[in-house]
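Below is the file my_file_20.txt, which contains compact mmCIF, C-alpha atoms.
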# COMPACT_ATOMS: atom_id res chain seq x y z
CA MET A 297 -20.38 2.04 4.81
CA PRO A 298 -20.42 4.99 7.18
CA ALA A 299 -19.96 8.29 5.37
CA GLY A 300 -16.50 9.07 6.54
CA GLY A 301 -13.69 6.89 7.67
CA GLU A 302 -10.38 8.53 8.20
CA ARG A 303 -9.37 11.26 5.82
CA ARG A 304 -5.71 11.92 6.03
CA ILE A 305 -3.58 14.41 4.17
CA ARG A 306 -1.39 12.49 1.71
CA VAL A 307 1.90 14.12 0.80
CA LEU A 308 4.50 13.15 -1.78
CA LEU A 309 8.04 14.23 -0.99
CA ALA A 310 10.53 14.02 -3.82
CA LYS A 311 14.04 15.19 -4.47
CA LEU A 312 14.83 16.48 -7.91
CA GLY A 313 18.18 17.03 -9.52
CA LEU A 314 21.47 15.45 -8.71
CA ASP A 315 22.14 16.27 -5.07
CA SER A 316 22.12 13.45 -2.57
CA HIS A 317 21.42 15.30 0.67
CA THR A 318 18.53 13.56 2.37
CA ILE A 319 18.65 14.90 5.92
CA GLY A 320 16.29 17.85 5.38
CA VAL A 321 13.69 15.87 3.50
CA THR A 322 13.84 13.07 6.08
CA VAL A 323 13.25 15.49 8.94
CA ILE A 324 10.25 16.95 7.14
CA ALA A 325 8.88 13.49 6.31
CA ARG A 326 8.99 12.51 9.98
CA ALA A 327 7.44 15.77 11.13
CA LEU A 328 4.53 15.34 8.73
CA ARG A 329 4.05 11.73 9.79
CA ASP A 330 4.07 12.79 13.43
CA ALA A 331 1.42 15.36 12.55
CA GLY A 332 -0.80 12.50 11.34
CA MET A 333 -0.17 12.77 7.61
CA GLU A 334 0.62 9.96 5.21
CA VAL A 335 3.92 10.71 3.53
CA ILE A 336 5.11 8.98 0.41
CA TYR A 337 8.82 9.39 -0.08
CA SER A 338 9.97 8.60 -3.60
CA GLY A 339 13.67 9.12 -3.19
CA LEU A 340 16.49 10.91 -4.93
CA LYS A 341 17.12 12.06 -8.47
CA GLN A 342 13.50 12.19 -9.51
CA THR A 343 12.54 13.75 -12.82
CA PRO A 344 9.43 15.95 -13.13
CA GLU A 345 7.79 13.16 -15.13
CA MET A 346 8.41 10.64 -12.33
CA VAL A 347 7.10 13.04 -9.70
CA VAL A 348 3.90 13.74 -11.61
CA ALA A 349 3.18 10.08 -12.45
CA THR A 350 3.76 9.20 -8.80
CA ALA A 351 1.59 12.04 -7.49
CA ILE A 352 -1.29 10.88 -9.69
CA GLN A 353 -0.98 7.15 -8.90
CA GLU A 354 -0.74 7.87 -5.19
CA ASP A 355 -3.54 10.45 -5.34
CA VAL A 356 -1.68 12.77 -3.00
CA ASP A 357 -3.04 16.15 -1.98
CA VAL A 358 0.34 17.79 -1.67
CA VAL A 359 3.56 17.54 -3.65
CA GLY A 360 6.67 18.67 -1.79
CA LEU A 361 9.72 19.23 -3.97
CA SER A 362 13.20 19.49 -2.59
CA SER A 363 16.40 20.47 -4.25
CA LEU A 364 19.70 21.56 -2.86
CA SER A 365 21.31 21.81 -6.27
CA ALA A 366 20.28 24.39 -8.82
CA ALA A 367 17.66 22.12 -10.34
CA HIS A 368 14.70 23.98 -8.91
CA MET A 369 14.43 26.65 -11.59
CA THR A 370 13.99 24.17 -14.41
CA HIS A 371 12.38 21.22 -12.65
CA PHE A 372 9.87 22.77 -10.24
CA PRO A 373 7.90 24.81 -12.82
CA ARG A 374 7.90 21.75 -15.07
CA VAL A 375 6.22 19.70 -12.31
CA VAL A 376 3.47 22.32 -11.99
CA GLU A 377 3.04 22.43 -15.75
CA LEU A 378 2.80 18.62 -16.09
CA LEU A 379 0.34 18.37 -13.20
CA ARG A 380 -1.92 20.91 -14.92
CA GLU A 381 -1.58 19.18 -18.29
CA GLN A 382 -2.59 15.88 -16.73
CA GLY A 383 -5.64 17.21 -14.93
CA ALA A 384 -4.00 17.24 -11.52
CA GLY A 385 -3.55 20.98 -11.14
CA ASP A 386 -5.53 20.95 -7.89
CA LYS A 387 -2.63 19.44 -5.97
CA LEU A 388 -0.76 21.84 -3.72
CA VAL A 389 2.89 22.20 -4.76
CA LEU A 390 5.45 23.23 -2.16
CA ALA A 391 9.17 23.71 -2.54
CA GLY A 392 12.05 23.47 -0.14
CA GLY A 393 15.78 23.66 -0.15
CA VAL A 394 18.36 26.24 -1.07
CA ILE A 395 16.33 28.74 -3.04
CA PRO A 396 17.38 32.39 -3.35
CA ASP A 397 14.69 35.06 -2.93
CA GLU A 398 14.72 36.12 -6.56
CA ASP A 399 14.19 32.50 -7.64
CA ALA A 400 11.40 32.10 -5.09
CA ALA A 401 9.44 34.91 -6.69
CA VAL A 402 9.73 33.26 -10.09
CA LEU A 403 8.64 29.87 -8.68
CA ARG A 404 5.61 31.37 -6.99
CA GLN A 405 4.70 33.00 -10.28
CA ALA A 406 4.99 29.56 -11.89
CA GLY A 407 2.47 28.04 -9.48
CA VAL A 408 4.50 26.84 -6.48
CA SER A 409 2.27 27.78 -3.55
CA ARG A 410 4.84 28.22 -0.85
CA ILE A 411 8.60 27.98 -0.53
CA PHE A 412 10.27 26.84 2.65
CA THR A 413 13.97 27.64 2.66
CA MET A 414 16.70 26.19 4.83
CA GLY A 415 15.76 27.91 8.09
CA ALA A 416 12.09 26.90 7.96
CA ARG A 417 10.67 25.19 11.04
CA THR A 418 8.80 21.94 10.52
CA ASP A 419 6.00 23.31 12.74
CA ASP A 420 5.43 26.07 10.19
CA ILE A 421 5.15 23.55 7.37
CA VAL A 422 2.67 21.46 9.35
CA ALA A 423 0.62 24.54 10.27
CA TYR A 424 0.58 25.72 6.66
CA LEU A 425 -0.64 22.34 5.41
CA ARG A 426 -3.33 22.06 8.07
CA GLU A 427 -4.61 25.52 7.31
CA TRP A 428 -4.70 24.76 3.59
CA TRP A 429 -6.48 21.44 4.20
CA ALA A 430 -9.10 23.07 6.42
CA SER A 431 -9.77 25.83 3.89
CA ARG A 432 -10.34 23.53 0.92
CA MET B 27 -14.94 11.54 -19.98
CA VAL B 28 -17.23 14.08 -18.36
CA GLY B 29 -20.53 12.46 -17.41
CA GLU B 30 -19.16 8.96 -17.28
CA SER B 31 -19.18 7.23 -13.92
CA LEU B 32 -15.99 6.84 -11.93
CA ALA B 33 -16.16 3.08 -12.50
CA ALA B 34 -16.51 3.57 -16.26
CA ARG B 35 -13.45 5.79 -16.29
CA VAL B 36 -11.49 3.17 -14.35
CA LEU B 37 -12.56 0.47 -16.80
CA ALA B 38 -11.44 2.71 -19.66
CA GLY B 39 -7.98 2.70 -18.09
CA HIS B 40 -7.93 6.22 -16.67
CA VAL B 41 -5.12 6.15 -14.10
CA ALA B 42 -6.09 9.22 -12.10
CA SER B 43 -9.64 7.88 -11.70
CA ALA B 44 -8.35 4.55 -10.39
CA ALA B 45 -6.05 6.38 -7.99
CA ARG B 46 -8.91 8.58 -6.77
CA LEU B 47 -11.22 5.61 -6.34
CA ILE B 48 -8.66 3.78 -4.21
CA ARG B 49 -8.46 6.88 -2.05
CA LEU B 50 -12.25 7.04 -1.68
CA LEU B 51 -12.34 3.38 -0.67
CA GLU B 52 -9.47 3.86 1.74
CA ASP B 53 -11.27 6.80 3.33
CA GLU B 54 -14.54 4.78 3.36
CA ARG B 55 -16.49 7.29 1.29
CA PRO B 56 -19.89 6.25 -0.09
CA GLU B 57 -18.92 7.23 -3.68
CA GLY B 58 -16.20 4.62 -3.49
CA ARG B 59 -18.68 1.96 -2.59
CA ASP B 60 -20.90 2.80 -5.56
CA ALA B 61 -17.98 2.43 -7.95
CA LEU B 62 -16.90 -0.83 -6.34
CA HIS B 63 -20.40 -2.18 -6.90
CA GLU B 64 -19.91 -1.62 -10.64
CA LEU B 65 -16.32 -2.84 -10.79
CA TYR B 66 -16.45 -6.01 -8.72
CA PRO B 67 -18.20 -8.12 -11.42
CA LYS B 68 -15.43 -7.07 -13.84
CA SER B 69 -12.65 -8.27 -11.54
CA GLY B 70 -11.32 -11.77 -11.04
CA ARG B 71 -8.87 -12.13 -13.91
CA ALA B 72 -5.63 -10.99 -12.31
CA HIS B 73 -3.14 -13.31 -10.66
CA VAL B 74 -2.84 -11.94 -7.13
CA VAL B 75 0.59 -12.49 -5.62
CA GLY B 76 1.49 -11.68 -2.04
CA VAL B 77 5.05 -10.76 -1.16
CA THR B 78 5.82 -11.01 2.52
CA GLY B 79 8.74 -11.57 4.85
CA PRO B 80 10.68 -10.05 7.72
CA PRO B 81 11.87 -6.43 7.66
CA GLY B 82 15.07 -5.98 5.69
CA ALA B 83 14.59 -9.05 3.51
CA GLY B 84 14.45 -6.82 0.44
CA LYS B 85 10.76 -7.15 -0.41
CA SER B 86 10.47 -3.80 -2.20
CA THR B 87 13.65 -4.36 -4.18
CA LEU B 88 12.42 -7.81 -5.13
CA VAL B 89 9.05 -6.39 -6.21
CA SER B 90 10.86 -3.86 -8.39
CA ALA B 91 13.02 -6.56 -9.98
CA LEU B 92 9.90 -8.69 -10.49
CA ILE B 93 8.21 -5.79 -12.27
CA THR B 94 11.16 -5.61 -14.67
CA ALA B 95 10.94 -9.33 -15.43
CA LEU B 96 7.14 -9.25 -15.78
CA ARG B 97 7.27 -6.26 -18.12
CA LYS B 98 9.72 -8.20 -20.34
CA ALA B 99 7.03 -10.89 -20.48
CA GLN B 100 4.50 -8.22 -21.60
CA LYS B 101 2.52 -8.37 -18.37
CA ARG B 102 0.81 -5.31 -16.92
CA VAL B 103 1.58 -5.06 -13.23
CA GLY B 104 -0.26 -3.45 -10.34
CA VAL B 105 1.53 -3.04 -7.01
CA ILE B 106 0.03 -2.39 -3.58
CA ALA B 107 2.76 -1.73 -1.04
CA VAL B 108 1.70 -1.56 2.61
CA ASP B 109 3.67 0.12 5.38
CA PRO B 110 2.62 0.55 9.00
CA SER B 111 0.85 3.64 10.32
CA SER B 112 2.20 5.19 13.48
CA PRO B 113 0.04 4.06 16.39
CA LEU B 114 0.64 7.41 18.08
CA SER B 115 -0.06 9.98 15.39
CA GLY B 116 -1.92 7.86 12.84
CA GLY B 117 0.46 9.22 10.22
CA ALA B 118 2.74 7.06 8.12
CA LEU B 119 5.99 7.18 6.25
CA LEU B 120 5.59 5.13 3.10
CA GLY B 121 8.98 4.44 1.56
CA ASP B 122 8.58 1.27 -0.47
CA ARG B 123 8.39 3.29 -3.68
CA VAL B 124 11.98 4.44 -3.37
CA ARG B 125 13.07 1.01 -4.63
CA MET B 126 10.53 0.96 -7.44
CA GLN B 127 10.78 4.40 -9.01
CA GLN B 128 12.48 3.14 -12.16
CA HIS B 129 8.96 2.00 -13.13
CA ALA B 130 7.21 5.25 -12.19
CA THR B 131 6.52 6.42 -15.74
CA ASP B 132 5.81 3.02 -17.26
CA ALA B 133 2.14 3.06 -18.34
CA GLY B 134 1.98 -0.72 -17.84
CA VAL B 135 2.72 -0.36 -14.12
CA PHE B 136 0.60 1.14 -11.34
CA ILE B 137 2.15 1.44 -7.89
CA ARG B 138 0.18 2.42 -4.82
CA SER B 139 1.59 2.92 -1.33
CA MET B 140 -0.85 2.24 1.44
CA ALA B 141 -0.71 2.83 5.19
CA SER B 142 -2.01 0.05 7.43
CA ARG B 143 -4.16 2.55 9.41
CA GLY B 144 -4.19 0.32 12.45
CA HIS B 145 -5.28 -2.79 10.59
CA PRO B 146 -3.51 -5.80 12.09
CA GLY B 147 -2.16 -8.70 10.09
CA GLY B 148 0.38 -6.98 7.86
CA LEU B 149 -2.05 -5.44 5.38
CA ALA B 150 -4.29 -2.39 5.12
CA ARG B 151 -8.07 -2.55 5.31
CA ALA B 152 -8.35 -1.22 1.76
CA ALA B 153 -5.74 -3.52 0.21
CA TRP B 154 -8.52 -5.82 -0.94
CA GLU B 155 -10.48 -2.91 -2.43
CA ALA B 156 -7.42 -1.58 -4.26
CA GLY B 157 -6.85 -5.07 -5.63
CA VAL B 158 -10.39 -5.17 -7.06
CA VAL B 159 -9.91 -1.79 -8.73
CA LEU B 160 -6.62 -2.74 -10.38
CA ASP B 161 -7.90 -6.20 -11.31
CA ALA B 162 -10.99 -4.75 -12.99
CA MET B 163 -8.78 -2.22 -14.75
CA GLY B 164 -7.02 -5.10 -16.48
CA PHE B 165 -3.70 -5.53 -14.74
CA ASP B 166 -2.46 -9.08 -15.33
CA LEU B 167 -0.62 -9.44 -12.06
CA LEU B 168 -1.05 -7.77 -8.73
CA LEU B 169 1.88 -7.76 -6.36
CA VAL B 170 0.80 -7.06 -2.80
CA GLU B 171 3.72 -6.25 -0.53
CA THR B 172 2.97 -6.57 3.18
CA VAL B 173 4.59 -4.70 6.02
CA GLY B 174 7.70 -6.38 7.35
CA VAL B 175 6.23 -9.26 9.29
CA GLY B 176 7.38 -11.61 12.00
CA GLN B 177 5.20 -14.60 12.62
CA GLY B 178 1.54 -13.93 13.06
CA GLU B 179 0.79 -11.30 10.44
CA ILE B 180 -0.54 -13.60 7.78
CA ASP B 181 -3.56 -11.72 6.43
CA ILE B 182 -1.95 -11.97 3.02
CA LEU B 183 -3.24 -15.54 2.88
CA GLU B 184 -6.76 -14.16 2.65
CA LEU B 185 -5.89 -11.89 -0.24
CA ALA B 186 -3.30 -13.65 -2.39
CA GLN B 187 -3.60 -16.64 -4.67
CA THR B 188 0.15 -17.18 -4.52
CA THR B 189 2.20 -16.20 -1.49
CA VAL B 190 5.91 -15.50 -1.83
CA VAL B 191 7.88 -15.46 1.40
CA VAL B 192 11.16 -13.56 1.14
CA CYS B 193 14.01 -14.20 3.53
CA LEU B 194 17.68 -13.38 3.67
CA PRO B 195 20.84 -15.10 4.78
CA GLY B 196 22.82 -14.14 7.82
CA ALA B 197 21.55 -14.07 11.36
CA GLY B 198 19.64 -17.14 12.43
CA ASP B 199 16.86 -14.95 13.77
CA GLU B 200 15.31 -14.42 10.37
CA VAL B 201 15.30 -18.13 9.74
CA GLN B 202 13.67 -18.64 13.12
CA ALA B 203 10.96 -16.17 12.21
CA ILE B 204 10.39 -17.98 8.95
CA LYS B 205 10.32 -21.31 10.70
CA ALA B 206 7.84 -20.21 13.31
CA GLY B 207 5.03 -19.26 11.02
CA LEU B 208 5.78 -17.71 7.70
CA LEU B 209 7.15 -20.82 6.06
CA GLU B 210 3.80 -22.54 6.42
CA ILE B 211 2.08 -19.96 4.27
CA ALA B 212 4.74 -19.87 1.53
CA ASP B 213 3.86 -21.20 -1.91
CA LEU B 214 7.24 -19.99 -3.07
CA LEU B 215 10.19 -19.33 -0.85
CA VAL B 216 12.78 -16.80 -1.99
CA LEU B 217 16.23 -16.50 -0.49
CA ASN B 218 17.09 -12.93 -1.44
CA LYS B 219 20.49 -11.27 -1.11
CA ALA B 220 21.89 -14.68 -2.06
CA ASP B 221 25.35 -13.17 -2.55
CA LEU B 222 25.71 -12.45 1.17
CA PRO B 223 27.87 -14.64 3.41
CA GLY B 224 25.83 -17.44 4.94
CA ALA B 225 23.67 -17.96 1.86
CA GLU B 226 24.64 -21.62 1.48
CA GLN B 227 23.89 -22.34 5.10
CA ALA B 228 20.57 -20.51 4.96
CA GLN B 229 19.65 -22.45 1.84
CA ARG B 230 20.38 -25.79 3.54
CA HIS B 231 18.26 -24.74 6.53
CA LEU B 232 15.35 -23.67 4.40
CA GLU B 233 15.52 -26.77 2.21
CA ALA B 234 15.44 -28.96 5.29
CA MET B 235 12.40 -27.07 6.60
CA LEU B 236 10.63 -27.41 3.27
CA ARG B 237 11.29 -31.16 3.28
CA HIS B 238 9.72 -31.47 6.70
CA GLY B 239 6.77 -29.28 5.89
CA PRO B 240 3.28 -30.54 5.12
CA ALA B 241 3.09 -32.59 1.94
CA SER B 242 0.92 -31.29 -0.86
CA GLY B 243 0.54 -31.56 -4.59
CA TRP B 244 2.70 -28.48 -5.01
CA PRO B 245 6.40 -29.06 -4.29
CA ARG B 246 7.24 -25.65 -2.85
CA PRO B 247 10.32 -24.31 -4.57
CA LEU B 248 13.17 -22.39 -2.97
CA LEU B 249 14.55 -19.76 -5.32
CA ARG B 250 17.66 -17.66 -4.91
CA THR B 251 17.62 -14.03 -5.97
CA ILE B 252 19.84 -10.99 -5.83
CA ALA B 253 17.05 -8.50 -6.36
CA ALA B 254 19.31 -5.44 -6.30
CA ARG B 255 21.00 -6.80 -9.43
CA GLU B 256 17.76 -8.22 -10.85
CA GLU B 257 19.24 -11.73 -10.71
CA GLY B 258 17.03 -14.78 -10.34
CA THR B 259 13.79 -12.94 -11.02
CA GLU B 260 13.04 -14.58 -14.36
CA ALA B 261 13.01 -17.97 -12.66
CA LEU B 262 10.71 -16.46 -10.05
CA VAL B 263 8.32 -15.22 -12.75
CA GLN B 264 8.26 -18.74 -14.20
CA ALA B 265 7.59 -20.22 -10.76
CA LEU B 266 4.71 -17.79 -10.22
CA ALA B 267 3.15 -18.85 -13.52
CA ALA B 268 3.74 -22.52 -12.66
CA HIS B 269 1.98 -22.09 -9.32
CA ARG B 270 -1.00 -20.39 -10.92
CA ALA B 271 -1.18 -23.20 -13.52
CA HIS B 272 -1.03 -25.75 -10.70
CA LEU B 273 -3.90 -24.02 -8.87
CA GLU B 274 -6.00 -24.12 -12.01
CA ALA B 275 -5.18 -27.71 -12.94
CA SER B 276 -5.63 -29.11 -9.43
CA GLY B 277 -8.90 -27.33 -8.73
CA GLU B 278 -7.32 -25.54 -5.76
CA LEU B 279 -7.99 -22.18 -7.33
CA ALA B 280 -11.72 -22.61 -6.74
CA LEU B 281 -11.06 -23.20 -3.03
CA ILE B 282 -8.82 -20.15 -2.85
CA GLU B 283 -11.39 -18.02 -4.62
CA ALA B 284 -14.04 -19.14 -2.16
CA ARG B 285 -11.75 -18.12 0.69
CA ARG B 286 -11.01 -14.80 -1.00
CA ALA B 287 -14.73 -14.07 -1.33
CA ARG B 288 -15.61 -15.17 2.18
CA ARG B 289 -13.19 -12.89 3.96
CA PRO B 290 -14.34 -9.47 2.73
CA PHE B 291 -17.99 -10.52 3.09
CA LEU B 292 -17.45 -11.55 6.71
CA ALA B 293 -15.34 -8.48 7.40
CA ARG B 294 -17.96 -6.06 6.07
CA VAL B 295 -20.74 -7.70 8.09
CA ARG B 296 -18.63 -7.61 11.26
CA GLU B 297 -17.79 -4.00 10.59
CA ARG B 298 -21.43 -3.02 10.05
CA VAL B 299 -22.62 -4.77 13.17
CA ALA B 300 -19.83 -3.26 15.24
CA ASP B 301 -20.34 0.22 13.75
CA GLY B 302 -24.06 -0.04 14.43
CA LEU B 303 -23.45 -0.90 18.06
CA GLU B 304 -20.86 1.89 18.41
CA ALA B 305 -23.40 4.38 17.09
CA GLU B 306 -26.09 3.11 19.47
CA LEU B 307 -23.69 3.22 22.40
CA ALA B 308 -23.17 6.90 21.65
CA ASN B 309 -26.85 7.82 21.86
CA GLY B 310 -29.20 4.80 21.90
CA PRO B 311 -30.90 4.06 25.25
CA GLU B 312 -31.14 0.29 24.80
CA ALA B 313 -27.48 -0.25 23.99
CA ARG B 314 -26.44 2.07 26.77
CA ALA B 315 -28.66 0.23 29.25
CA LEU B 316 -27.05 -3.07 28.28
CA LEU B 317 -23.58 -1.61 28.62
CA ALA B 318 -24.45 -0.15 32.03
CA GLN B 319 -25.44 -3.62 33.24
CA VAL B 320 -22.15 -5.05 32.00
CA GLU B 321 -20.32 -2.26 33.82
CA ARG B 322 -22.17 -3.00 37.05
CA ARG B 323 -21.48 -6.71 36.53
CA THR B 324 -25.17 -7.53 36.70
CA LEU B 325 -24.94 -8.88 33.13
CA ASP B 326 -22.06 -10.71 31.46
CA PRO B 327 -20.91 -9.58 27.98
CA TYR B 328 -22.04 -12.80 26.28
CA THR B 329 -25.63 -12.43 27.46
CA ALA B 330 -25.55 -8.72 26.66
CA ALA B 331 -24.44 -9.58 23.11
CA ASP B 332 -27.27 -12.13 22.79
CA ARG B 333 -29.82 -9.55 23.86
CA TRP B 334 -28.40 -6.86 21.61
CA LEU B 335 -28.38 -9.09 18.53
CA ALA B 336 -31.84 -10.49 19.25
CA ARG B 337 -33.15 -6.95 19.48
CA ALA B 338 -31.36 -5.98 16.24
CA GLY B 339 -32.89 -8.99 14.48
CA GLY B 340 -29.57 -10.74 14.05
CA PRO B 341 -28.37 -14.18 15.09
CA THR B 342 -28.50 -15.16 18.75
Can the structure in the file be given as structure tokens, please?
Amino acid sequence: MPAGGERRIRVLLAKLGLDSHTIGVTVIARALRDAGMEVIYSGLKQTPEMVVATAIQEDVDVVGLSSLSAAHMTHFPRVVELLREQGAGDKLVLAGGVIPDEDAAVLRQAGVSRIFTMGARTDDIVAYLREWWASR
Amino acid sequence: MVGESLAARVLAGHVASAARLIRLLEDERPEGRDALHELYPKSGRAHVVGVTGPPGAGKSTLVSALITALRKAQKRVGVIAVDPSSPLSGGALLGDRVRMQQHATDAGVFIRSMASRGHPGGLARAAWEAGVVLDAMGFDLLLVETVGVGQGEIDILELAQTTVVVCLPGAGDEVQAIKAGLLEIADLLVLNKADLPGAEQAQRHLEAMLRHGPASGWPRPLLRTIAAREEGTEALVQALAAHRAHLEASGELALIEARRARRPFLARVRERVADGLEAELANGPEARALLAQVERRTLDPYTAADRWLARAGGPT
């Protein structure tokens, strides 16, 4: 076996909480795919436990969490905590959605690496992920 | 767990290790190969079931409903769900899990999404490897969901012991697709979305095709399901078990196992030979000289292949 087939960034995108807006997460999923990444979309209304079990089974490098309801403050830190508890704290956790600045600071403190709010360009997300991947 | 080999951790049931190993195999890393060497002798107990059919037939929803029924029967279930990679970017959008997330936190279920990475035939290159890992780990059943296929993508035959072909009522096109190729590979035929208009007609069509199909010792059943409501899946679980029992009783299982061993062996040899030639074409003078003659049309590709293989000590 040659030492090195394709290594592709694997990303899990999940929506937490009760909102059912999928347009943003779909746009991001397509942008990441078009940037050559493998994107696992797990759908709506995911709990932190579901997200973490999925991230581990899929062995993703990146977990992207989206919420347009107010679920982010309870659910996002819980995902980071569960990942660490289960030995998967090396996965990069990103957040997106409607997240006020003061909440963003708290989330970053809790271990969310980067927060992309509503106006974020998909190019910026792709660039951020590539830079992170290259620096690992 | 520190100090134990990756394979040992997989055998001990460590989910993250199995997930990591599948990734290593998918990415063709040497560490993956070492672990596979240890795990392969421990595999061979699982019933490997392929789930295939045209796009929109409800394969993922059916797999999810099957998981529910299998869990009621105390079976541990591994799932490998393949979706196509984009030929342009090489990336992929893997969405089969959306239908299966109710099982995400069930410790008796392991679901892995896999991109085809350019592999033709409706599967991924590493689907076989992932199957060995989950088999060795002790999952009773493996459900391998192919990409939505038309007619020719029948690689699942090389991987599965039992092949389930899923179709849906409605437009005649789907039935045509089934007729043209997929029906031949079905051990079990499932008419999903059986509450849709046209179900009776589709059933009559499919029954007629089954009657006219090749005769064998296994009367291929047609089952009706409404996977979204988890209806009809217990009968499907029974039919899966009946097919496996038939394979064992008739001796067919031994033939299938021989086929399942032959394919990865052949594939790895082909891959090695081709990779070796690719490497030599990049910087080996002999291979490049042969290629130059083919380019100039002073040597045909068949003779060039003979010379290359004779030089490499292979068959001529």
Taking all atoms listed in the file into account, name the residue in B:Val159, B:Ala152, B:Leu119, B:Val135 that is nearest to A:Thr322. B:Leu119
Using all atoms listed in the file, which residues sit within 12 Å of B:Leu248 once same-chain residues fewer than 3 positions away are excluded, as a short mmCIF file (atom, residue, chain, number, x, y, z; two decimals) with C-alpha atoms, in the coordinates of the input?
data_model
loop_
_atom_site.label_atom_id
_atom_site.label_comp_id
_atom_site.auth_asym_id
_atom_site.auth_seq_id
_atom_site.Cartn_x
_atom_site.Cartn_y
_atom_site.Cartn_z
CA VAL B 190 5.91 -15.50 -1.83
CA VAL B 191 7.88 -15.46 1.40
CA VAL B 192 11.16 -13.56 1.14
CA CYS B 193 14.01 -14.20 3.53
CA LEU B 209 7.15 -20.82 6.06
CA ALA B 212 4.74 -19.87 1.53
CA ASP B 213 3.86 -21.20 -1.91
CA LEU B 214 7.24 -19.99 -3.07
CA LEU B 215 10.19 -19.33 -0.85
CA VAL B 216 12.78 -16.80 -1.99
CA LEU B 217 16.23 -16.50 -0.49
CA ASN B 218 17.09 -12.93 -1.44
CA ALA B 220 21.89 -14.68 -2.06
CA ALA B 228 20.57 -20.51 4.96
CA GLN B 229 19.65 -22.45 1.84
CA ARG B 230 20.38 -25.79 3.54
CA HIS B 231 18.26 -24.74 6.53
CA LEU B 232 15.35 -23.67 4.40
CA GLU B 233 15.52 -26.77 2.21
CA ALA B 234 15.44 -28.96 5.29
CA MET B 235 12.40 -27.07 6.60
CA LEU B 236 10.63 -27.41 3.27
CA ARG B 237 11.29 -31.16 3.28
CA PRO B 245 6.40 -29.06 -4.29
CA THR B 251 17.62 -14.03 -5.97
CA GLY B 258 17.03 -14.78 -10.34
CA ALA B 261 13.01 -17.97 -12.66
CA LEU B 262 10.71 -16.46 -10.05
CA ALA B 265 7.59 -20.22 -10.76
#
How close does each residue of chain A get to chain B, giving the shortest atom pair and distance in Å to one decimal for every residue with an atom at most 6 Å away, counting all atoms listed in the file, sorted by chain and residue number, as a tab-separated table?
residue	atom	partner	partner_atom	distance
A:Ala299	CA	B:Arg55	CA	5.4
A:Gly300	CA	B:Arg55	CA	5.5
A:Gly301	CA	B:Glu54	CA	4.9
A:Glu302	CA	B:Asp53	CA	5.2
A:Arg303	CA	B:Asp53	CA	5.4
A:Arg329	CA	B:Gly117	CA	4.4
A:Asp330	CA	B:Ser115	CA	5.4
A:Gly332	CA	B:Gly117	CA	3.7
A:Met333	CA	B:Gly117	CA	4.5
A:Glu334	CA	B:Ala118	CA	4.6
A:Val335	CA	B:Leu119	CA	4.9
A:Ile336	CA	B:Leu120	CA	4.7
A:Tyr337	CA	B:Gly121	CA	5.2
A:Ser338	CA	B:Val124	CA	4.6
A:Gly339	CA	B:Val124	CA	5.0
A:Met346	CA	B:Ala130	CA	5.5
A:Ala349	CA	B:Thr131	CA	5.9
A:Ile352	CA	B:Ala42	CA	5.6
A:Gln353	CA	B:Ala45	CA	5.2
A:Glu354	CA	B:Arg138	CA	5.5
A:Asp355	CA	B:Ala45	CA	5.5
With distances taken over all atoms listed in the file, the candidate from A:Asp357, A:Glu427, A:Asp419, A:Asp315 nearest A:Val389 is A:Asp357
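Excluding B:Leu307 itself and any same-chain residue fewer than 5 positions from it, the protein and nucleic acid residues within 8 Å of it, counting all atoms listed in the file, are Ala313, Arg314 and Leu317 of chain B.
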Give me a file of those residues, with C-alpha atoms, as a short mmCIF file (atom, residue, chain, number, x, y, z; two decimals), keeping the file's coordinate frame.
data_model
loop_
_atom_site.label_atom_id
_atom_site.label_comp_id
_atom_site.auth_asym_id
_atom_site.auth_seq_id
_atom_site.Cartn_x
_atom_site.Cartn_y
_atom_site.Cartn_z
CA ALA B 313 -27.48 -0.25 23.99
CA ARG B 314 -26.44 2.07 26.77
CA LEU B 317 -23.58 -1.61 28.62
#
Name the residues within 9 Å of (16.6, -8.6, -3.1), counting all atoms listed in the file in the file's coordinates, and put them as a short mmCIF file (atom, residue, chain, number, x, y, z; two decimals) with C-alpha atoms, in the frame of the given file.
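What landed in part-v4.cif:
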data_model
loop_
_atom_site.label_atom_id
_atom_site.label_comp_id
_atom_site.auth_asym_id
_atom_site.auth_seq_id
_atom_site.Cartn_x
_atom_site.Cartn_y
_atom_site.Cartn_z
CA ALA B 83 14.59 -9.05 3.51
CA GLY B 84 14.45 -6.82 0.44
CA LYS B 85 10.76 -7.15 -0.41
CA SER B 86 10.47 -3.80 -2.20
CA THR B 87 13.65 -4.36 -4.18
CA LEU B 88 12.42 -7.81 -5.13
CA VAL B 89 9.05 -6.39 -6.21
CA ALA B 91 13.02 -6.56 -9.98
CA VAL B 192 11.16 -13.56 1.14
CA LEU B 194 17.68 -13.38 3.67
CA LEU B 217 16.23 -16.50 -0.49
CA ASN B 218 17.09 -12.93 -1.44
CA LYS B 219 20.49 -11.27 -1.11
CA ALA B 220 21.89 -14.68 -2.06
CA THR B 251 17.62 -14.03 -5.97
CA ILE B 252 19.84 -10.99 -5.83
CA ALA B 253 17.05 -8.50 -6.36
CA ALA B 254 19.31 -5.44 -6.30
CA ARG B 255 21.00 -6.80 -9.43
CA GLU B 256 17.76 -8.22 -10.85
CA GLU B 257 19.24 -11.73 -10.71
#
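By chain and then residue number, the residues within 12 Å of stretch 37-39 of chain B are B:Met27, B:Glu30, B:Ser31, B:Leu32, B:Ala44, B:Ala45, B:Leu47, B:Ala61, B:Leu62, B:Glu64, B:Leu65, B:Tyr66, B:Pro67, B:Lys68, B:Ser69, B:Arg102, B:Ala133, B:Gly134, B:Val135, B:Phe136, B:Val158, B:Val159, B:Leu160, B:Asp161, B:Ala162, B:Met163, B:Gly164, B:Phe165, counting all atoms listed in the file and disregarding those fewer than 5 positions away in sequence.
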